[in-house]
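> Here you go, data.cif (mmCIF, C-alpha atoms, pLDDT in the B column; chains and numbers go by the auth columns):
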```
data_entry
loop_
_atom_site.group_PDB
_atom_site.id
_atom_site.type_symbol
_atom_site.label_atom_id
_atom_site.label_comp_id
_atom_site.label_asym_id
_atom_site.label_seq_id
_atom_site.Cartn_x
_atom_site.Cartn_y
_atom_site.Cartn_z
_atom_site.B_iso_or_equiv
_atom_site.auth_seq_id
_atom_site.auth_asym_id
ATOM 1 C CA GLU A 1 51.869 92.929 100.616 49.00 285 A
ATOM 2 C CA ASN A 2 52.952 89.393 99.814 53.00 286 A
ATOM 3 C CA GLU A 3 52.715 87.384 103.014 53.00 287 A
ATOM 4 C CA ASN A 4 55.692 85.297 101.877 61.00 288 A
ATOM 5 C CA THR A 5 57.961 88.347 101.723 73.00 289 A
ATOM 6 C CA GLN A 6 60.826 87.870 104.160 87.00 290 A
ATOM 7 C CA ASP A 7 63.768 89.754 105.585 92.00 291 A
ATOM 8 C CA LEU A 8 67.024 88.187 104.387 91.00 292 A
ATOM 9 C CA ILE A 9 70.569 87.874 105.668 94.00 293 A
ATOM 10 C CA VAL A 10 73.069 87.101 102.894 94.00 294 A
ATOM 11 C CA MET A 11 76.607 86.012 103.812 96.00 295 A
ATOM 12 C CA PHE A 12 79.726 86.045 101.619 96.00 296 A
ATOM 13 C CA ASP A 13 83.089 84.588 102.586 96.00 297 A
ATOM 14 C CA GLU A 14 85.873 86.324 100.642 95.00 298 A
ATOM 15 C CA PRO A 15 83.988 86.760 97.347 94.00 299 A
ATOM 16 C CA GLU A 16 87.113 88.359 95.836 93.00 300 A
ATOM 17 C CA THR A 17 88.873 84.966 95.781 92.00 301 A
ATOM 18 C CA HIS A 18 89.858 84.200 92.158 89.00 302 A
ATOM 19 C CA MET A 19 88.307 87.542 91.170 90.00 303 A
ATOM 20 C CA HIS A 20 90.204 90.091 89.098 91.00 304 A
ATOM 21 C CA PRO A 21 90.776 93.293 91.147 87.00 305 A
ATOM 22 C CA GLU A 22 88.832 95.346 88.612 88.00 306 A
ATOM 23 C CA ALA A 23 85.847 93.017 89.066 89.00 307 A
ATOM 24 C CA GLY A 24 86.216 93.504 92.807 87.00 308 A
ATOM 25 C CA ARG A 25 85.746 97.250 92.343 87.00 309 A
ATOM 26 C CA HIS A 26 82.297 96.644 90.836 91.00 310 A
ATOM 27 C CA PHE A 27 81.177 93.666 92.945 93.00 311 A
ATOM 28 C CA ILE A 28 79.131 95.651 95.475 93.00 312 A
ATOM 29 C CA LYS A 29 77.461 97.774 92.796 92.00 313 A
ATOM 30 C CA THR A 30 76.519 94.652 90.815 94.00 314 A
ATOM 31 C CA LEU A 31 75.302 92.900 93.955 94.00 315 A
ATOM 32 C CA LYS A 32 73.111 95.877 94.899 93.00 316 A
ATOM 33 C CA SER A 33 71.635 95.970 91.395 95.00 317 A
ATOM 34 C CA SER A 34 70.767 92.258 91.562 94.00 318 A
ATOM 35 C CA LEU A 35 69.240 92.489 95.037 94.00 319 A
ATOM 36 C CA THR A 36 67.219 95.552 94.060 93.00 320 A
ATOM 37 C CA HIS A 37 65.787 93.583 91.117 94.00 321 A
ATOM 38 C CA PHE A 38 64.752 90.671 93.334 92.00 322 A
ATOM 39 C CA GLN A 39 63.381 93.007 95.998 91.00 323 A
ATOM 40 C CA SER A 40 61.214 94.850 93.455 92.00 324 A
ATOM 41 C CA ALA A 41 59.889 91.447 92.326 90.00 325 A
ATOM 42 C CA GLY A 42 58.622 90.929 95.874 89.00 326 A
ATOM 43 C CA LEU A 43 60.975 88.068 96.768 89.00 327 A
ATOM 44 C CA PHE A 44 62.119 89.745 99.983 91.00 328 A
ATOM 45 C CA ARG A 45 61.494 92.899 101.996 90.00 329 A
ATOM 46 C CA THR A 46 64.881 93.879 103.411 92.00 330 A
ATOM 47 C CA CYS A 47 68.359 92.413 103.137 92.00 331 A
ATOM 48 C CA GLN A 48 71.379 92.584 105.401 94.00 332 A
ATOM 49 C CA ILE A 49 74.738 91.553 103.933 95.00 333 A
ATOM 50 C CA ILE A 50 77.529 90.085 106.042 95.00 334 A
ATOM 51 C CA LEU A 51 80.804 90.037 104.175 95.00 335 A
ATOM 52 C CA ALA A 52 84.261 88.688 105.055 95.00 336 A
ATOM 53 C CA THR A 53 87.013 90.059 102.818 95.00 337 A
ATOM 54 C CA HIS A 54 90.715 90.771 102.433 93.00 338 A
ATOM 55 C CA SER A 55 90.134 93.077 99.458 94.00 339 A
ATOM 56 C CA PRO A 56 90.828 96.809 99.871 94.00 340 A
ATOM 57 C CA PHE A 57 89.085 97.350 96.518 93.00 341 A
ATOM 58 C CA LEU A 58 85.907 95.816 97.879 94.00 342 A
ATOM 59 C CA ILE A 59 86.045 97.793 101.130 95.00 343 A
ATOM 60 C CA GLN A 60 86.643 101.034 99.238 94.00 344 A
ATOM 61 C CA SER A 61 83.493 100.396 97.193 93.00 345 A
ATOM 62 C CA LEU A 62 81.416 100.288 100.417 94.00 346 A
ATOM 63 C CA SER A 63 81.828 104.012 101.060 93.00 347 A
ATOM 64 C CA SER A 64 78.476 104.782 99.388 88.00 348 A
ATOM 65 C CA TYR A 65 76.532 102.462 101.707 91.00 349 A
ATOM 66 C CA PRO A 66 75.679 102.357 105.434 91.00 350 A
ATOM 67 C CA VAL A 67 78.156 99.839 106.819 92.00 351 A
ATOM 68 C CA SER A 68 79.728 98.532 109.982 94.00 352 A
ATOM 69 C CA ILE A 69 83.281 97.192 109.817 96.00 353 A
ATOM 70 C CA ALA A 70 84.792 94.691 112.243 95.00 354 A
ATOM 71 C CA LEU A 71 88.435 93.659 112.198 95.00 355 A
ATOM 72 C CA THR A 72 89.762 90.246 113.155 91.00 356 A
ATOM 73 C CA GLU A 73 93.172 89.973 114.778 86.00 357 A
ATOM 74 C CA ASN A 74 95.247 86.889 115.483 84.00 358 A
ATOM 75 C CA SER A 75 97.546 87.311 118.470 84.00 359 A
ATOM 76 C CA HIS A 76 99.513 84.210 119.513 86.00 360 A
ATOM 77 C CA GLY A 77 96.811 81.941 118.137 87.00 361 A
ATOM 78 C CA GLN A 78 93.962 83.819 119.805 91.00 362 A
ATOM 79 C CA ILE A 79 91.512 85.456 117.404 90.00 363 A
ATOM 80 C CA THR A 80 89.670 88.587 118.506 92.00 364 A
ATOM 81 C CA ILE A 81 87.060 90.683 116.696 92.00 365 A
ATOM 82 C CA LYS A 82 87.001 94.447 117.183 91.00 366 A
ATOM 83 C CA ASP A 83 84.598 97.005 115.788 93.00 367 A
ATOM 84 C CA PHE A 84 86.231 99.629 113.608 94.00 368 A
ATOM 85 C CA ASN A 85 84.457 102.760 114.795 89.00 369 A
ATOM 86 C CA ASN A 86 86.477 105.343 112.890 90.00 370 A
ATOM 87 C CA LEU A 87 84.987 105.197 109.406 94.00 371 A
ATOM 88 C CA GLN A 88 85.678 108.920 109.055 93.00 372 A
ATOM 89 C CA ASN A 89 89.397 108.085 109.100 95.00 373 A
ATOM 90 C CA LEU A 90 88.973 106.367 105.740 97.00 374 A
ATOM 91 C CA TYR A 91 88.109 109.667 104.033 96.00 375 A
ATOM 92 C CA LEU A 92 90.334 112.548 103.077 96.00 376 A
ATOM 93 C CA PRO A 93 88.666 115.818 104.196 93.00 377 A
ATOM 94 C CA LYS A 94 85.807 116.930 101.929 90.00 378 A
ATOM 95 C CA ARG A 95 85.931 113.707 99.909 93.00 379 A
ATOM 96 C CA SER A 96 82.850 111.524 99.441 93.00 380 A
ATOM 97 C CA LYS A 97 84.556 108.140 98.981 94.00 381 A
ATOM 98 C CA TYR A 98 87.029 106.161 101.023 96.00 382 A
ATOM 99 C CA SER A 99 90.663 106.658 100.088 97.00 383 A
ATOM 100 C CA PHE A 100 92.076 103.341 98.876 96.00 384 A
ATOM 101 C CA ASN A 101 95.372 104.161 100.593 98.00 385 A
ATOM 102 C CA LEU A 102 93.677 105.009 103.904 98.00 386 A
ATOM 103 C CA VAL A 103 91.802 101.693 103.709 97.00 387 A
ATOM 104 C CA MET A 104 95.161 99.944 103.256 97.00 388 A
ATOM 105 C CA TYR A 105 96.610 101.836 106.225 97.00 389 A
ATOM 106 C CA HIS A 106 93.791 101.739 108.781 96.00 390 A
ATOM 107 C CA ILE A 107 92.155 98.419 107.906 96.00 391 A
ATOM 108 C CA PHE A 108 95.092 96.307 106.716 95.00 392 A
ATOM 109 C CA HIS A 109 97.872 98.199 108.548 95.00 393 A
ATOM 110 C CA VAL A 110 99.908 98.614 105.348 97.00 394 A
ATOM 111 C CA PRO A 111 101.568 102.028 104.888 98.00 395 A
ATOM 112 C CA THR A 112 102.091 102.695 101.188 98.00 396 A
ATOM 113 C CA ILE A 113 104.162 105.141 99.169 98.00 397 A
ATOM 114 C CA GLU A 114 100.905 106.124 97.473 98.00 398 A
ATOM 115 C CA LEU A 115 99.417 107.128 100.842 98.00 399 A
ATOM 116 C CA HIS A 116 102.444 109.292 101.643 98.00 400 A
ATOM 117 C CA ASP A 117 102.128 110.975 98.234 98.00 401 A
ATOM 118 C CA GLU A 118 98.374 111.404 98.667 98.00 402 A
ATOM 119 C CA LEU A 119 98.691 113.056 102.090 98.00 403 A
ATOM 120 C CA TYR A 120 101.614 115.257 101.030 98.00 404 A
ATOM 121 C CA GLY A 121 99.794 116.383 97.884 97.00 405 A
ATOM 122 C CA TYR A 122 96.571 117.019 99.787 97.00 406 A
ATOM 123 C CA LEU A 123 98.346 119.236 102.327 98.00 407 A
ATOM 124 C CA GLN A 124 100.024 121.163 99.514 98.00 408 A
ATOM 125 C CA MET A 125 96.662 121.770 97.846 96.00 409 A
ATOM 126 C CA ALA A 126 94.679 122.497 101.025 96.00 410 A
ATOM 127 C CA ASN A 127 97.209 125.042 102.273 96.00 411 A
ATOM 128 C CA LYS A 128 98.180 126.429 98.848 97.00 412 A
ATOM 129 C CA CYS A 129 101.788 125.431 99.420 97.00 413 A
ATOM 130 C CA TYR A 130 102.595 124.043 95.995 95.00 414 A
ATOM 131 C CA ASP A 131 106.302 124.627 96.515 95.00 415 A
ATOM 132 C CA GLU A 132 108.011 122.156 98.876 96.00 416 A
ATOM 133 C CA LYS A 133 109.743 124.967 100.753 96.00 417 A
ATOM 134 C CA LYS A 134 106.392 126.638 101.408 98.00 418 A
ATOM 135 C CA LEU A 135 104.933 123.402 102.779 98.00 419 A
ATOM 136 C CA ASP A 136 107.981 122.961 105.014 98.00 420 A
ATOM 137 C CA ASN A 137 107.390 126.475 106.361 97.00 421 A
ATOM 138 C CA TRP A 138 103.690 125.719 106.846 98.00 422 A
ATOM 139 C CA PHE A 139 104.631 122.646 108.904 98.00 423 A
ATOM 140 C CA LEU A 140 106.995 124.758 111.022 97.00 424 A
ATOM 141 C CA ASN A 141 104.451 127.531 111.630 97.00 425 A
ATOM 142 C CA ASN A 142 101.320 125.428 112.164 97.00 426 A
ATOM 143 C CA THR A 143 102.366 122.041 113.566 97.00 427 A
ATOM 144 C CA THR A 144 104.953 120.409 115.793 97.00 428 A
ATOM 145 C CA ILE A 145 106.795 119.070 112.726 98.00 429 A
ATOM 146 C CA LYS A 146 110.392 120.299 112.543 98.00 430 A
ATOM 147 C CA LYS A 147 113.246 120.177 110.048 98.00 431 A
ATOM 148 C CA THR A 148 115.054 117.113 111.327 98.00 432 A
ATOM 149 C CA LYS A 149 116.612 115.676 108.154 98.00 433 A
ATOM 150 C CA SER A 150 119.481 116.721 105.908 98.00 434 A
ATOM 151 C CA TRP A 151 118.799 116.380 102.178 98.00 435 A
ATOM 152 C CA ILE A 152 121.611 116.548 99.604 98.00 436 A
ATOM 153 C CA PRO A 153 120.253 117.961 96.317 97.00 437 A
ATOM 154 C CA VAL A 154 121.733 116.798 93.024 95.00 438 A
ATOM 155 C CA ILE A 155 120.997 119.157 90.132 91.00 439 A
ATOM 156 C CA ASP A 156 122.129 118.297 86.607 90.00 440 A
ATOM 157 C CA GLY A 157 124.391 115.636 88.103 89.00 441 A
ATOM 158 C CA VAL A 158 126.093 118.118 90.431 94.00 442 A
ATOM 159 C CA GLU A 159 125.916 117.619 94.203 94.00 443 A
ATOM 160 C CA ARG A 160 124.839 120.760 96.068 96.00 444 A
ATOM 161 C CA ASN A 161 125.035 121.835 99.693 97.00 445 A
ATOM 162 C CA PRO A 162 122.830 119.863 102.104 97.00 446 A
ATOM 163 C CA GLN A 163 119.461 121.392 103.044 97.00 447 A
ATOM 164 C CA ARG A 164 117.660 121.023 106.350 98.00 448 A
ATOM 165 C CA VAL A 165 114.170 119.682 105.602 98.00 449 A
ATOM 166 C CA THR A 166 111.215 118.028 107.307 98.00 450 A
ATOM 167 C CA LEU A 167 110.958 114.256 107.378 98.00 451 A
ATOM 168 C CA GLN A 168 107.933 114.539 105.077 98.00 452 A
ATOM 169 C CA ARG A 169 109.857 116.443 102.402 98.00 453 A
ATOM 170 C CA TYR A 170 112.859 114.133 102.752 98.00 454 A
ATOM 171 C CA ILE A 171 110.741 111.043 102.092 98.00 455 A
ATOM 172 C CA ARG A 172 108.836 112.762 99.286 98.00 456 A
ATOM 173 C CA ASN A 173 112.128 113.712 97.589 97.00 457 A
ATOM 174 C CA PHE A 174 113.569 110.231 98.079 98.00 458 A
ATOM 175 C CA ILE A 175 110.485 108.708 96.418 97.00 459 A
ATOM 176 C CA HIS A 176 110.362 111.133 93.507 96.00 460 A
ATOM 177 C CA HIS A 177 114.096 111.351 92.794 95.00 461 A
ATOM 178 C CA PRO A 178 115.451 107.794 92.561 95.00 462 A
ATOM 179 C CA GLU A 179 118.289 109.137 90.401 94.00 463 A
ATOM 180 C CA ASN A 180 119.690 110.910 93.471 96.00 464 A
ATOM 181 C CA THR A 181 121.810 108.335 95.309 95.00 465 A
ATOM 182 C CA LYS A 182 123.459 110.765 97.725 96.00 466 A
ATOM 183 C CA ASN A 183 120.851 110.352 100.464 97.00 467 A
ATOM 184 C CA GLN A 184 120.311 107.454 102.836 97.00 468 A
ATOM 185 C CA GLU A 185 116.999 105.615 102.553 97.00 469 A
ATOM 186 C CA TYR A 186 114.472 106.400 105.284 98.00 470 A
ATOM 187 C CA SER A 187 113.570 103.662 107.784 98.00 471 A
ATOM 188 C CA PRO A 188 110.160 101.964 108.067 98.00 472 A
ATOM 189 C CA GLU A 189 109.737 103.702 111.437 98.00 473 A
ATOM 190 C CA GLU A 190 110.422 107.100 109.863 98.00 474 A
ATOM 191 C CA PHE A 191 107.965 106.319 107.080 98.00 475 A
ATOM 192 C CA CYS A 192 105.160 105.557 109.546 98.00 476 A
ATOM 193 C CA GLN A 193 106.087 108.602 111.647 98.00 477 A
ATOM 194 C CA SER A 194 105.827 110.847 108.596 98.00 478 A
ATOM 195 C CA ILE A 195 102.398 109.453 107.679 98.00 479 A
ATOM 196 C CA GLU A 196 101.084 109.772 111.247 98.00 480 A
ATOM 197 C CA GLU A 197 102.285 113.362 111.519 98.00 481 A
ATOM 198 C CA MET A 198 100.546 114.297 108.269 98.00 482 A
ATOM 199 C CA LEU A 199 97.346 112.562 109.376 98.00 483 A
ATOM 200 C CA LYS A 200 97.359 114.678 112.551 96.00 484 A
ATOM 201 C CA CYS A 201 97.504 117.797 110.354 96.00 485 A
ATOM 202 C CA MET A 202 94.095 116.831 108.964 90.00 486 A
ATOM 203 C CA ARG A 203 92.299 116.248 112.253 79.00 487 A
#
```
Please rewrite the model in this file as C-alpha cells.


Amino acid sequence: ENENTQDLIVMFDEPETHMHPEAGRHFIKTLKSSLTHFQSAGLFRTCQIILATHSPFLIQSLSSYPVSIALTENSHGQITIKDFNNLQNLYLPKRSKYSFNLVMYHIFHVPTIELHDELYGYLQMANKCYDEKKLDNWFLNNTTIKKTKSWIPVIDGVERNPQRVTLQRYIRNFIHHPENTKNQEYSPEEFCQSIEEMLKCMR
C-alpha cells in the first residue's frame, strides 16, 4: 500500500450555481466516476463528500448512495441545523429512487401540483382504483378521508348536478379540467391537507 495514500474530505458549496438543471442531474454520477478513477490510481484511500445545495435535482441523484442530510433553517435571523432522519419519506413505496416531488416537499417545503398528481396516481394504481369514484370509495372505506367538497361537472359544455367528492378528487379535477370554471379554486391550506392525507395512506 502506498504510504502516501490518505483519507480525503471534499467540500462543495452549491455546485449547481450557474449549472443547467440537466447537468445537475448527472453531477453526482460524474463526480463519483472521477473520484473512482483517482482512487484506483492510488491518490487516496477513502473520500467523504460534504455538499451544500439548493438543488432538488442534485439531492434526488443521491438516492443511490449512503448519505446523511442536514437542513438549515433561518428563524428571525437565527440559523439552526437539523438532521433529516426520514430518508424513507423521500421514496414512494417499492421505488428505488427518491421522488423529485417528495424531495421538493420534505426538504424544501414546496408542495407541487406534480406531487399531488403523483400521490393520487400511485394510490389509484396500488389499490386498483383507476376510476375516480372507486378511489373515493376506497378512501371512505379504508381511511378517515371523507367527501367534504361539492364538485360541479361540466360535460360537453353543459353544467350537471353537483357531486359530493373527497378533497383529493376535487383538487385532482380542478388541476386536470381547467376548462371547467364552475368550481372555486382550492386554498393553499386545502392543498397541503390533501397531500398530507394521501401521504398518511402510504404509511

> Fewer than 2 positions away in the same chain doesn't count, so skip those; otherwise give me all residues within 10 Å of A:Arg456, counting all atoms listed in the file, as a CSV table (one decimal) with C-alpha atoms, keeping the file's coordinate frame.


```
chain,number,residue,atom,x,y,z
A,397,ILE,CA,104.2,105.1,99.2
A,400,HIS,CA,102.4,109.3,101.6
A,401,ASP,CA,102.1,111.0,98.2
A,404,TYR,CA,101.6,115.3,101.0
A,405,GLY,CA,99.8,116.4,97.9
A,416,GLU,CA,108.0,122.2,98.9
A,450,THR,CA,111.2,118.0,107.3
A,451,LEU,CA,111.0,114.3,107.4
A,452,GLN,CA,107.9,114.5,105.1
A,453,ARG,CA,109.9,116.4,102.4
A,454,TYR,CA,112.9,114.1,102.8
A,458,PHE,CA,113.6,110.2,98.1
A,459,ILE,CA,110.5,108.7,96.4
A,460,HIS,CA,110.4,111.1,93.5
A,461,HIS,CA,114.1,111.4,92.8
A,478,SER,CA,105.8,110.8,108.6
```

> Residues picked by the PyMOL selection byres ((chain A and resi 300) around 10) here, as a PDB file with C-alpha atoms, in the coordinates of the input?


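The resulting file, part36.pdb, is reproduced below:
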```
ATOM      1  CA  PHE A 296      79.726  86.045 101.619  1.00 96.00           C
ATOM      2  CA  ASP A 297      83.089  84.588 102.586  1.00 96.00           C
ATOM      3  CA  GLU A 298      85.873  86.324 100.642  1.00 95.00           C
ATOM      4  CA  PRO A 299      83.988  86.760  97.347  1.00 94.00           C
ATOM      5  CA  THR A 301      88.873  84.966  95.781  1.00 92.00           C
ATOM      6  CA  HIS A 302      89.858  84.200  92.158  1.00 89.00           C
ATOM      7  CA  MET A 303      88.307  87.542  91.170  1.00 90.00           C
ATOM      8  CA  HIS A 304      90.204  90.091  89.098  1.00 91.00           C
ATOM      9  CA  PRO A 305      90.776  93.293  91.147  1.00 87.00           C
ATOM     10  CA  ALA A 307      85.847  93.017  89.066  1.00 89.00           C
ATOM     11  CA  GLY A 308      86.216  93.504  92.807  1.00 87.00           C
ATOM     12  CA  ARG A 309      85.746  97.250  92.343  1.00 87.00           C
ATOM     13  CA  PHE A 311      81.177  93.666  92.945  1.00 93.00           C
ATOM     14  CA  ALA A 336      84.261  88.688 105.055  1.00 95.00           C
ATOM     15  CA  THR A 337      87.013  90.059 102.818  1.00 95.00           C
ATOM     16  CA  HIS A 338      90.715  90.771 102.433  1.00 93.00           C
ATOM     17  CA  SER A 339      90.134  93.077  99.458  1.00 94.00           C
ATOM     18  CA  PHE A 341      89.085  97.350  96.518  1.00 93.00           C
ATOM     19  CA  LEU A 342      85.907  95.816  97.879  1.00 94.00           C
TER      20      LEU A 342
END
```

> Going by the chain IDs and residue numbers used in this file, which residues fall under the PyMOL selection byres ((chain A and resi 347-355) around 6)? Write them as a PyMOL selection string.

chain A and resi 344-346+356+365-368+381-382

> Go ahead and save the residues from that selection, with C-alpha atoms, as a CSV table (one decimal), keeping the file's coordinate frame.


```csv
chain,number,residue,atom,x,y,z
A,344,GLN,CA,86.6,101.0,99.2
A,345,SER,CA,83.5,100.4,97.2
A,346,LEU,CA,81.4,100.3,100.4
A,356,THR,CA,89.8,90.2,113.2
A,365,ILE,CA,87.1,90.7,116.7
A,366,LYS,CA,87.0,94.4,117.2
A,367,ASP,CA,84.6,97.0,115.8
A,368,PHE,CA,86.2,99.6,113.6
A,381,LYS,CA,84.6,108.1,99.0
A,382,TYR,CA,87.0,106.2,101.0
```

> Taking the file as shown, what set of residues would the PyMOL selection byres ((chain A and resi 290-293) around 6) give back, as number ranges by chain?

A: 289, 294, 328-333

> Could you check the closest approach to A:Asn385 for each of A:Tyr414, A:Ile479, A:Glu469, A:Asn457 and tell me which residue wins, using all atoms listed in the file?

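The answer is A:Ile479, which sits nearest to A:Asn385.
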
> Give me, please, the distance in Å between atom CA of A:Met295 and atom CA of A:Ile334, quoted to one decimal.

4.7 Å

> Do you have the atom CA of A:Thr427-atom CA of A:Gln372 distance handy?

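So the answer is 21.7 Å.
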
> Please, what distance in Å, to one decimal, runs between atom CA of A:Met388 and atom CA of A:Asn421?

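Answer for the atom CA of A:Met388 to atom CA of A:Asn421 separation: 29.4 Å.
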
> Choose the residue, out of A:Leu374, A:Ile429, A:Ile455, A:Ile363, that has the smallest atom-to-atom separation from A:Val387; count all atoms listed in the file.

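Going through A:Leu374, A:Ile429, A:Ile455, A:Ile363 one by one, the smallest distance to A:Val387 is for A:Leu374.
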
> Between A:Gln408, A:Arg379, A:Thr432, A:Leu371, which one has atoms that come closest to A:Ile391, using all atoms listed in the file?

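Closest to A:Ile391 of all the choices is A:Leu371.
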
> Restricting the calculation to all atoms listed in the file, which member of A:Leu399, A:Asp420, A:Lys378, A:Lys433 is positioned closest to A:Glu474?

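Counting all atoms listed in the file, the residue closest to A:Glu474 is A:Lys433.
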
> Taking all atoms listed in the file into account, name the residue in A:Ser359, A:Glu481, A:Lys466, A:Met409 that is nearest to A:Pro377.

A:Met409

> Find the spatial neighbours of A:Pro437, counting all atoms listed in the file, within a cut-off of 9 Å - ignore same-chain residues fewer than 5 positions away - and output them as a PDB file with C-alpha atoms, in the frame of the given file.


```pdb
ATOM      1  CA  VAL A 442     126.093 118.118  90.431  1.00 94.00           C
ATOM      2  CA  GLU A 443     125.916 117.619  94.203  1.00 94.00           C
ATOM      3  CA  ARG A 444     124.839 120.760  96.068  1.00 96.00           C
ATOM      4  CA  ASN A 445     125.035 121.835  99.693  1.00 97.00           C
ATOM      5  CA  PRO A 446     122.830 119.863 102.104  1.00 97.00           C
ATOM      6  CA  GLN A 447     119.461 121.392 103.044  1.00 97.00           C
ATOM      7  CA  ASN A 464     119.690 110.910  93.471  1.00 96.00           C
ATOM      8  CA  LYS A 466     123.459 110.765  97.725  1.00 96.00           C
ATOM      9  CA  ASN A 467     120.851 110.352 100.464  1.00 97.00           C
TER      10      ASN A 467
END
```

> Write stretch 376-383 of chain A as a compact mmCIF listing (two decimals), keeping the file's coordinate frame, completed to all heavy atoms.


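Full text of out00.txt as output:
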```
# COMPACT_ATOMS: atom_id res chain seq x y z
N LEU A 376 89.62 111.28 103.04
CA LEU A 376 90.33 112.55 103.08
C LEU A 376 89.28 113.64 103.30
O LEU A 376 88.12 113.48 102.90
CB LEU A 376 91.07 112.80 101.76
CG LEU A 376 92.35 111.98 101.54
CD1 LEU A 376 92.87 112.23 100.14
CD2 LEU A 376 93.42 112.31 102.57
N PRO A 377 89.65 114.76 103.95
CA PRO A 377 88.67 115.82 104.20
C PRO A 377 87.96 116.26 102.91
O PRO A 377 88.59 116.40 101.86
CB PRO A 377 89.53 116.95 104.77
CG PRO A 377 90.68 116.24 105.42
CD PRO A 377 90.96 115.06 104.54
N LYS A 378 86.65 116.43 103.02
CA LYS A 378 85.81 116.93 101.93
C LYS A 378 85.73 115.96 100.75
O LYS A 378 85.35 116.36 99.64
CB LYS A 378 86.29 118.30 101.45
CG LYS A 378 86.25 119.37 102.53
CD LYS A 378 86.73 120.70 102.01
CE LYS A 378 86.70 121.76 103.12
NZ LYS A 378 87.17 123.08 102.65
N ARG A 379 86.07 114.71 100.96
CA ARG A 379 85.93 113.71 99.91
C ARG A 379 84.76 112.79 100.25
O ARG A 379 84.47 112.54 101.42
CB ARG A 379 87.21 112.89 99.77
CG ARG A 379 88.43 113.73 99.40
CD ARG A 379 88.36 114.27 98.00
NE ARG A 379 89.40 115.25 97.72
CZ ARG A 379 90.64 114.94 97.35
NH1 ARG A 379 90.98 113.67 97.22
NH2 ARG A 379 91.53 115.89 97.11
N SER A 380 84.08 112.30 99.22
CA SER A 380 82.85 111.52 99.44
C SER A 380 83.07 110.02 99.43
O SER A 380 82.17 109.26 99.78
CB SER A 380 81.81 111.88 98.36
OG SER A 380 82.31 111.57 97.07
N LYS A 381 84.27 109.58 99.03
CA LYS A 381 84.56 108.14 98.98
C LYS A 381 85.81 107.82 99.79
O LYS A 381 86.70 108.66 99.95
CB LYS A 381 84.74 107.68 97.53
CG LYS A 381 83.46 107.75 96.71
CD LYS A 381 83.66 107.13 95.33
CE LYS A 381 82.35 107.15 94.55
NZ LYS A 381 82.51 106.53 93.20
N TYR A 382 85.85 106.59 100.29
CA TYR A 382 87.03 106.16 101.02
C TYR A 382 88.28 106.30 100.15
O TYR A 382 88.25 106.03 98.95
CB TYR A 382 86.92 104.69 101.43
CG TYR A 382 85.82 104.33 102.39
CD1 TYR A 382 85.35 103.02 102.46
CD2 TYR A 382 85.24 105.27 103.23
CE1 TYR A 382 84.33 102.66 103.34
CE2 TYR A 382 84.23 104.92 104.11
CZ TYR A 382 83.78 103.61 104.16
OH TYR A 382 82.78 103.27 105.02
N SER A 383 89.37 106.70 100.76
CA SER A 383 90.66 106.66 100.09
C SER A 383 91.18 105.23 100.11
O SER A 383 91.26 104.60 101.17
CB SER A 383 91.66 107.58 100.81
OG SER A 383 93.00 107.20 100.53
```
